[in-house]
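Let me begin by presenting the structure, written as structure tokens, before commenting on it.
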Amino acid sequence: MEPETPPPGNAEPISEAEALRRLRQSEDQSLQYYGAWWLGRMRSRHPDTVPLLCQALRQRQPRDAGAGVEHNAVARNAARALGKLADQRAVGDLLDALEDEDDGLREAAARALGDLGAAAAVIPLCRRLASGPSVAGAPQINSPKLQEPCEALIEALGDIGVATPAVLKVIEPFFEHDRPLIRSAANRAMLQLTGEPRWGDRLVTLLSHPQLQVRRAALMDLGAVGWRPALGAISATLAENSLKLIALRGLVEQGQGEPDTEAVLLAMDELL
Amino acid sequence: MTLPEGPSGPPPLQPLVAAVDGAHSAESLVQATQALALALATPPSEPTAVTPEMLDAIRTLVGVMGFNNPGAAVAAVDGLTACGPAAVEPLLEGLDNHNYGARAWAVRALAGIGDGRGLDLLEEALQGDIGPSVRRAAARGLGQLRLETLEPDSRAPVWNRCLVALERGSQDDEWVVRYAVVVGLESLGHSPHGPRPAPAALLDCLKRLAQPAQEATPVVRLRAQLALDRLGPP
């Protein structure tokens with residue numbers, strides 16, 4: 001689950017024309033950053049939107065400390081916005097961004113390719129993960145990050161939904177990763193790709209993990225997949241009702257079968 | 001419900017309050033809060049006035065809702081809801097304007113109790129609170145005020161105030177608040193002391209929320225359609 005990236009500071013309402021103008025200029029990166037965010041958030045359908053976002057994605061920028069904007073921040077926000085806009089013209093530039101040396105940009109590109117369901121991304125995503133938990137999944141020195149943004153890469157494979165044996169074989173070793181969030185992402189992807197109940201059951205087990213952060217991630221994963229057999233366990237999870245409601249919305253909108261839609265809706269009523 | 005009458009009646013509250021105050025871990029806070037809530041929810045064998053000990057226990061539960069411990073807060077809401085009207089004043093006095101989580105739990109408790117004294121707060125919360133979880137709880141509560149506890153003359157005006165507040169809430173930016181508005185409208189429509197059948201204004205609002213052209217979120221539309229089905233043909 002990707003947190004919504006808030007705009008820095010200047011959050012006054014603007015028009016679509018103004019958002020496009022901000023993205024088009026290049027003197028002020030913080031204005032570009034906000035413009036890119038706005039166009040994705042508002043699902044802009046303007047004909048200039050996707051070409052401008054692709055251009056912003058191609059334009060890698062050094063960190064500008066004065067503007068309060070981090071390395072490649074505009075390109076990252078452009079990638080996130082392109083994921084929301086679901087326009088296949090963005091796939092080529094996102095694939096290029098997946099090869100960038102900035103892991104934050106690779107992460108944003110992977111998520112966007114997952115949102116777009118881009119089958120062309122399966123091979124490069126697998127290549128990034130193929131070295132397994134001990135290399136791709138090893139921590140960076142002096143950083144909480146891993147060598148590769150494994151959670152985003154694995155989730156993208158699940159969202160794209162190409163369930164070949166080669167893809168499953170790449171994901172499988174990550175069940176042994178030290179970090180519960182990575183294990184949860186691997187579970188989620190396997191459940192999306194195979195639909196086998198055992199992967200859903202393992203996510204349900206994580207709903208009673210002692211760490212709240214792990215329980216939250218499992219809620220979001222079950223919601224993203226729409227795994228309806230988890231209904232009772234989701235309702236009973238010790239976590240904020242807001243997150244349980246988002247997960248149950250996923251069960252209604254993404255899921256099917258038993259329990260039926262009405263049963264999920266009535267469980268949502270109890271959490272309001 | 002008939003409860004077996006034990007020889008000693010409900011457990012004394014003071015040690016249970018002390019256990020909540022002294023809890024030193026998230027888990028022990030949940031357990032202590034559950035024990036206190038259960039004791040408060042157990043009615044004495046003979047009805048009694050609210051004792052200072054009970055009031056202290058109620059205030060302790062109100063305080064727990066501000067600790068950012070969802071398990072304990074759920075238990076506190078259950079206990080306060082079971083206390084009914086006796087918990088309303090401590091809840092209104094204990095509201096923390098700076099803690100959205102705590103406000104949401106307090107609004108939930110007031111919504112569950114359904115006491116008319118909570119109406120102003122529920123209206124205000126749905127219209128203006130910055131926290132979506134607070135607006136959501138308020139919307140649900142506006143559908144389940146217990147009109148039978150009000151003077152007969154004031155039931156219709158209160159029912160109408162709830163409808164107006166929910167109609168306004170149906171324009172909320174957050175899907176979860178609009179979802180709660182749907183649930184609130186349905187329970188308002190079923191209210192035994194409200195107008196029967198449900199008036200057109202209430203049904204029209206639900207119909208708007210059931211239409212793809214007017215409501216972008218599928219789960220809200222599905223819930224609105226369920227509400228219309230359950231309220232029956234106009």
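Following the order of the structure tokens, first chain is A, next is B, and so on, with residues numbered from 1 inside each chain and ligands from 1 in the order they appear.
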
What's the 12 Å shell around region 251-255 of chain A, counting only C-alpha atoms, without same-chain residues fewer than 5 positions away, as an mmCIF file with C-alpha atoms, in the first residue's frame?
```
data_model
loop_
_atom_site.group_PDB
_atom_site.id
_atom_site.type_symbol
_atom_site.label_atom_id
_atom_site.label_comp_id
_atom_site.auth_asym_id
_atom_site.auth_seq_id
_atom_site.Cartn_x
_atom_site.Cartn_y
_atom_site.Cartn_z
ATOM 1 C CA GLN A 192 -3.191 -12.603 -6.649
ATOM 2 C CA GLY A 195 -5.774 -17.651 -6.069
ATOM 3 C CA LEU A 219 -5.137 -5.447 6.094
ATOM 4 C CA MET A 220 -4.146 -3.414 3.044
ATOM 5 C CA ASP A 221 -2.905 -6.515 1.222
ATOM 6 C CA LEU A 222 -6.098 -8.496 1.837
ATOM 7 C CA GLY A 223 -8.126 -5.490 0.689
ATOM 8 C CA ALA A 224 -6.059 -5.038 -2.462
ATOM 9 C CA VAL A 225 -6.661 -8.674 -3.371
ATOM 10 C CA GLY A 226 -10.288 -8.666 -2.209
ATOM 11 C CA TRP A 227 -9.904 -11.941 -0.282
ATOM 12 C CA ARG A 228 -13.425 -12.436 1.130
ATOM 13 C CA PRO A 229 -12.716 -15.455 3.357
ATOM 14 C CA ALA A 230 -10.776 -12.976 5.559
ATOM 15 C CA LEU A 231 -13.952 -11.026 6.442
ATOM 16 C CA GLY A 232 -14.306 -12.204 10.045
ATOM 17 C CA ILE A 234 -10.431 -8.388 9.374
ATOM 18 C CA SER A 235 -13.329 -7.263 11.544
ATOM 19 C CA LYS A 244 -10.396 -2.089 8.352
ATOM 20 C CA LEU A 245 -13.013 -0.153 6.372
ATOM 21 C CA ILE A 246 -10.560 0.368 3.493
ATOM 22 C CA ASP A 260 -21.612 -12.308 -0.275
ATOM 23 C CA THR A 261 -21.494 -8.549 -0.840
ATOM 24 C CA GLU A 262 -24.308 -7.842 1.607
ATOM 25 C CA ALA A 263 -22.475 -9.648 4.428
ATOM 26 C CA VAL A 264 -19.357 -7.534 3.801
ATOM 27 C CA LEU A 265 -21.402 -4.311 3.712
ATOM 28 C CA LEU A 266 -23.074 -5.145 7.030
ATOM 29 C CA ALA A 267 -19.667 -5.861 8.574
ATOM 30 C CA MET A 268 -18.572 -2.393 7.380
ATOM 31 C CA THR B 217 -17.243 5.082 -5.271
ATOM 32 C CA PRO B 218 -18.745 1.650 -6.027
ATOM 33 C CA VAL B 219 -19.035 0.512 -2.405
ATOM 34 C CA VAL B 220 -21.072 3.622 -1.520
ATOM 35 C CA ARG B 221 -23.450 2.991 -4.422
ATOM 36 C CA LEU B 222 -23.886 -0.659 -3.445
ATOM 37 C CA ARG B 223 -24.678 0.294 0.153
#
```

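By chain and then residue number, the residues within 12 Å of Ala19 (chain B) are Leu13, Gln14, His24, Ser25, Ser28, Leu29, Val30, Gln31, Ala32, Thr33, Gln34, Ala35, Leu36, Ala57, Thr60 and Leu61 of chain B, counting only C-alpha atoms and disregarding those fewer than 5 positions away in sequence.
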
Could you dump the residues just selected with C-alpha atoms as a PDB file, in the first residue's frame?
```pdb
ATOM      1  CA  LEU B  13     -14.953  -0.729  40.573  1.00  0.00           C
ATOM      2  CA  GLN B  14     -12.133   0.972  42.414  1.00  0.00           C
ATOM      3  CA  HIS B  24       2.280  -0.386  31.856  1.00  0.00           C
ATOM      4  CA  SER B  25       1.915  -2.079  28.459  1.00  0.00           C
ATOM      5  CA  SER B  28      -2.254  -4.905  29.960  1.00  0.00           C
ATOM      6  CA  LEU B  29      -4.166  -1.686  29.187  1.00  0.00           C
ATOM      7  CA  VAL B  30      -6.486  -3.606  26.863  1.00  0.00           C
ATOM      8  CA  GLN B  31      -7.132  -6.274  29.509  1.00  0.00           C
ATOM      9  CA  ALA B  32      -7.656  -3.799  32.347  1.00  0.00           C
ATOM     10  CA  THR B  33     -10.006  -1.687  30.213  1.00  0.00           C
ATOM     11  CA  GLN B  34     -12.010  -4.744  29.179  1.00  0.00           C
ATOM     12  CA  ALA B  35     -12.389  -5.773  32.836  1.00  0.00           C
ATOM     13  CA  LEU B  36     -13.538  -2.293  33.880  1.00  0.00           C
ATOM     14  CA  ALA B  57     -14.946   4.603  36.375  1.00  0.00           C
ATOM     15  CA  THR B  60     -11.441   6.610  33.421  1.00  0.00           C
ATOM     16  CA  LEU B  61     -12.907   4.954  30.318  1.00  0.00           C
TER      17      LEU B  61
END
```

* To do: Define the interface residues of chain B facing chain A as those within 7 Å, counting only C-alpha atoms, and report them as a VMD selection string.
  => chain B and resid 70 to 71 133 136 to 137 140 180 183 218 to 219 223

* Write out as an NGL selection string all residues of region 111-225 of chain B that DSSP puts in alpha helix (DSSP H) for this structure's backbone. => :B and (111-113 or 119-128 or 132-142 or 152-169 or 175-190 or 200-209 or 218-225)

What's the 12 Å shell around Val164 (chain B), counting only C-alpha atoms, without same-chain residues fewer than 2 positions away, as a PDB file with C-alpha atoms, in the first residue's frame?
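Result went into result.pdb, see below:
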```pdb
ATOM      1  CA  GLU B 123     -24.341  17.740  13.842  1.00  0.00           C
ATOM      2  CA  LEU B 126     -20.410  15.771  10.708  1.00  0.00           C
ATOM      3  CA  GLN B 127     -20.388  19.245   9.247  1.00  0.00           C
ATOM      4  CA  ALA B 139     -23.122  10.317  10.471  1.00  0.00           C
ATOM      5  CA  LEU B 142     -27.385  10.857  13.515  1.00  0.00           C
ATOM      6  CA  GLY B 143     -29.318   7.872  12.199  1.00  0.00           C
ATOM      7  CA  PRO B 157     -38.157  18.396  14.728  1.00  0.00           C
ATOM      8  CA  VAL B 158     -35.178  16.351  15.958  1.00  0.00           C
ATOM      9  CA  TRP B 159     -35.771  13.744  13.231  1.00  0.00           C
ATOM     10  CA  ASN B 160     -35.760  16.556  10.657  1.00  0.00           C
ATOM     11  CA  ARG B 161     -32.549  18.047  12.007  1.00  0.00           C
ATOM     12  CA  CYS B 162     -30.899  14.641  11.610  1.00  0.00           C
ATOM     13  CA  LEU B 166     -27.168  13.853   6.758  1.00  0.00           C
ATOM     14  CA  GLU B 167     -28.256  15.418   3.445  1.00  0.00           C
ATOM     15  CA  ARG B 168     -25.476  17.952   3.879  1.00  0.00           C
ATOM     16  CA  GLY B 169     -23.036  15.167   4.805  1.00  0.00           C
ATOM     17  CA  SER B 170     -23.846  13.329   1.579  1.00  0.00           C
ATOM     18  CA  GLN B 171     -21.629  15.895  -0.200  1.00  0.00           C
ATOM     19  CA  VAL B 181     -24.303   8.904   5.670  1.00  0.00           C
ATOM     20  CA  GLY B 184     -27.371   6.876   8.893  1.00  0.00           C
ATOM     21  CA  LEU B 185     -30.132   7.642   6.382  1.00  0.00           C
ATOM     22  CA  LEU B 188     -33.268   7.183  10.251  1.00  0.00           C
ATOM     23  CA  ALA B 201     -36.410  13.681   0.649  1.00  0.00           C
ATOM     24  CA  LEU B 202     -34.649  10.827   2.438  1.00  0.00           C
ATOM     25  CA  CYS B 205     -30.801  11.466  -1.178  1.00  0.00           C
TER      26      CYS B 205
END
```

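Relative to CA of Val77 (chain B), CA of Leu231 (chain B) is found at 28.8 Å.
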
* Name the residues of region 14-231 of chain A that fall into strand (DSSP E or B) according to DSSP on the backbone, using the chain letters and numbers of this document, as a count of residues only. => 4

* Name the closest residue to Arg230 (chain B) among the candidates B:Gly189, B:Pro195, B:Pro43, B:Gly101; distances are taken between atoms, counting only C-alpha atoms. =>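 The closest residue to Arg230 (chain B) is B:Gly189.
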
* **Close residues, Gly117 (chain A) itself excluded, 12 Å, only C-alpha atoms, min 3 positions apart in chain, as a PyMOL selection string** => chain A and resi 83-84+86-88+90-91+110-114+120-122+155-162

Pull N, CA and C atoms from the residues just selected and write them as a PDB file, in the first residue's frame.
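Output below, filename result00.pdb:
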```
ATOM      1  N   GLY A  83       0.850   6.349 -12.917  1.00  0.00           N
ATOM      2  CA  GLY A  83       0.193   5.123 -12.456  1.00  0.00           C
ATOM      3  C   GLY A  83      -1.294   5.337 -12.254  1.00  0.00           C
ATOM      4  N   LYS A  84      -1.657   6.497 -11.720  1.00  0.00           N
ATOM      5  CA  LYS A  84      -3.083   6.772 -11.466  1.00  0.00           C
ATOM      6  C   LYS A  84      -3.860   7.000 -12.762  1.00  0.00           C
ATOM      7  N   ALA A  86      -3.520   5.626 -15.746  1.00  0.00           N
ATOM      8  CA  ALA A  86      -3.832   4.418 -16.514  1.00  0.00           C
ATOM      9  C   ALA A  86      -3.767   4.637 -18.024  1.00  0.00           C
ATOM     10  N   ASP A  87      -2.725   5.313 -18.495  1.00  0.00           N
ATOM     11  CA  ASP A  87      -2.545   5.539 -19.931  1.00  0.00           C
ATOM     12  C   ASP A  87      -1.303   4.758 -20.382  1.00  0.00           C
ATOM     13  N   GLN A  88      -1.522   3.812 -21.306  1.00  0.00           N
ATOM     14  CA  GLN A  88      -0.430   2.897 -21.677  1.00  0.00           C
ATOM     15  C   GLN A  88       0.736   3.608 -22.369  1.00  0.00           C
ATOM     16  N   ALA A  90       2.553   5.675 -21.219  1.00  0.00           N
ATOM     17  CA  ALA A  90       3.604   5.949 -20.240  1.00  0.00           C
ATOM     18  C   ALA A  90       4.529   4.761 -20.022  1.00  0.00           C
ATOM     19  N   VAL A  91       4.165   3.579 -20.539  1.00  0.00           N
ATOM     20  CA  VAL A  91       4.905   2.365 -20.168  1.00  0.00           C
ATOM     21  C   VAL A  91       6.389   2.452 -20.528  1.00  0.00           C
ATOM     22  N   ALA A 110       8.010   1.122 -10.432  1.00  0.00           N
ATOM     23  CA  ALA A 110       7.472  -0.239 -10.302  1.00  0.00           C
ATOM     24  C   ALA A 110       5.999  -0.199  -9.915  1.00  0.00           C
ATOM     25  N   ARG A 111       5.665   0.648  -8.946  1.00  0.00           N
ATOM     26  CA  ARG A 111       4.264   0.717  -8.515  1.00  0.00           C
ATOM     27  C   ARG A 111       3.364   1.184  -9.662  1.00  0.00           C
ATOM     28  N   ALA A 112       3.865   2.187 -10.420  1.00  0.00           N
ATOM     29  CA  ALA A 112       3.060   2.699 -11.530  1.00  0.00           C
ATOM     30  C   ALA A 112       2.866   1.615 -12.597  1.00  0.00           C
ATOM     31  N   LEU A 113       3.918   0.853 -12.878  1.00  0.00           N
ATOM     32  CA  LEU A 113       3.794  -0.222 -13.872  1.00  0.00           C
ATOM     33  C   LEU A 113       2.809  -1.279 -13.383  1.00  0.00           C
ATOM     34  N   GLY A 114       2.793  -1.521 -12.071  1.00  0.00           N
ATOM     35  CA  GLY A 114       1.798  -2.434 -11.497  1.00  0.00           C
ATOM     36  C   GLY A 114       0.396  -1.885 -11.674  1.00  0.00           C
ATOM     37  N   ALA A 120       4.825  -5.822 -20.075  1.00  0.00           N
ATOM     38  CA  ALA A 120       6.205  -5.623 -20.523  1.00  0.00           C
ATOM     39  C   ALA A 120       7.164  -5.446 -19.355  1.00  0.00           C
ATOM     40  N   ALA A 121       6.636  -5.149 -18.172  1.00  0.00           N
ATOM     41  CA  ALA A 121       7.515  -4.919 -17.022  1.00  0.00           C
ATOM     42  C   ALA A 121       7.884  -6.207 -16.310  1.00  0.00           C
ATOM     43  N   VAL A 122       7.248  -7.326 -16.648  1.00  0.00           N
ATOM     44  CA  VAL A 122       7.454  -8.547 -15.866  1.00  0.00           C
ATOM     45  C   VAL A 122       8.916  -8.994 -15.901  1.00  0.00           C
ATOM     46  N   GLU A 155       5.006  -6.459  -5.277  1.00  0.00           N
ATOM     47  CA  GLU A 155       3.591  -6.100  -5.396  1.00  0.00           C
ATOM     48  C   GLU A 155       3.220  -5.795  -6.846  1.00  0.00           C
ATOM     49  N   ALA A 156       4.153  -5.185  -7.584  1.00  0.00           N
ATOM     50  CA  ALA A 156       3.876  -4.895  -8.997  1.00  0.00           C
ATOM     51  C   ALA A 156       3.672  -6.203  -9.770  1.00  0.00           C
ATOM     52  N   LEU A 157       4.492  -7.202  -9.492  1.00  0.00           N
ATOM     53  CA  LEU A 157       4.308  -8.489 -10.174  1.00  0.00           C
ATOM     54  C   LEU A 157       2.926  -9.069  -9.876  1.00  0.00           C
ATOM     55  N   GLY A 158       2.481  -8.937  -8.635  1.00  0.00           N
ATOM     56  CA  GLY A 158       1.144  -9.426  -8.288  1.00  0.00           C
ATOM     57  C   GLY A 158       0.055  -8.648  -9.011  1.00  0.00           C
ATOM     58  N   ASP A 159       0.211  -7.324  -9.063  1.00  0.00           N
ATOM     59  CA  ASP A 159      -0.812  -6.492  -9.711  1.00  0.00           C
ATOM     60  C   ASP A 159      -0.879  -6.744 -11.211  1.00  0.00           C
ATOM     61  N   ILE A 160       0.281  -6.970 -11.832  1.00  0.00           N
ATOM     62  CA  ILE A 160       0.297  -7.202 -13.283  1.00  0.00           C
ATOM     63  C   ILE A 160      -0.373  -8.534 -13.603  1.00  0.00           C
ATOM     64  N   GLY A 161      -0.094  -9.549 -12.777  1.00  0.00           N
ATOM     65  CA  GLY A 161      -0.891 -10.769 -12.863  1.00  0.00           C
ATOM     66  C   GLY A 161      -0.447 -11.795 -13.895  1.00  0.00           C
ATOM     67  N   VAL A 162       0.828 -11.758 -14.312  1.00  0.00           N
ATOM     68  CA  VAL A 162       1.326 -12.801 -15.206  1.00  0.00           C
ATOM     69  C   VAL A 162       1.865 -13.943 -14.333  1.00  0.00           C
TER      70      VAL A 162
END
```

* Structure fact -> Pairwise distance, CA of Ala23 (chain B) with CA of Gly79 (chain B), equals 17.8 Å

* d(CA of Ile171 (chain A), CA of Gly104 (chain A)) in Å ->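 Atom-to-atom, CA of Ile171 (chain A) and CA of Gly104 (chain A) are spaced 20.7 Å apart.
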
* Test item: residues at most 12 Å from Glu99 (chain A), only C-alpha atoms, excluding those fewer than 3 positions along its chain, as a ChimeraX atom specification -> /A:58,92-96,102-110,121,124-125,127-128,148

* Excluding Gly131 (chain B) and residues on its chain fewer than 4 positions from it, collect all residues at most 9 Å away from it, counting only C-alpha atoms, and give them as an NGL selection string. => :B and (100-101 or 103-104 or 125 or 135-136)

What's around Pro132 (chain B) at 8 Å? Count only C-alpha atoms, leave out sequence neighbours fewer than 2 positions away in its own chain, and write the answer as a short mmCIF file (atom, residue, chain, number, x, y, z; two decimals) with N, CA and C atoms, in the first residue's frame.
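The result, stored in around32.cif:
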```
data_model
loop_
_atom_site.label_atom_id
_atom_site.label_comp_id
_atom_site.auth_asym_id
_atom_site.auth_seq_id
_atom_site.Cartn_x
_atom_site.Cartn_y
_atom_site.Cartn_z
N ASP B 129 -15.92 18.70 11.40
CA ASP B 129 -14.71 18.14 11.99
C ASP B 129 -13.69 17.81 10.90
N ILE B 130 -12.42 18.05 11.20
CA ILE B 130 -11.38 17.83 10.19
C ILE B 130 -11.06 16.35 10.03
N VAL B 134 -14.09 11.03 12.54
CA VAL B 134 -15.06 11.67 13.43
C VAL B 134 -16.36 11.93 12.66
N ARG B 135 -16.23 12.45 11.44
CA ARG B 135 -17.44 12.72 10.64
C ARG B 135 -18.21 11.43 10.37
N ARG B 136 -17.45 10.37 10.13
CA ARG B 136 -18.05 9.06 9.86
C ARG B 136 -18.87 8.56 11.05
N GLU B 174 -14.97 12.61 1.41
CA GLU B 174 -14.42 11.29 1.71
C GLU B 174 -15.48 10.21 1.51
N VAL B 176 -15.74 7.34 2.79
CA VAL B 176 -16.18 6.60 3.98
C VAL B 176 -17.23 7.40 4.75
N VAL B 177 -17.16 8.73 4.65
CA VAL B 177 -18.17 9.55 5.31
C VAL B 177 -19.50 9.42 4.56
#
```

* Asked: Taking only C-alpha atoms into account, which of A:Ser131, A:Ala233, A:Glu172, A:Ala136 comes nearest Gly200 (chain A)?
  ->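 Of A:Ser131, A:Ala233, A:Glu172, A:Ala136, the one nearest Gly200 (chain A), counting only C-alpha atoms, is A:Ala233.
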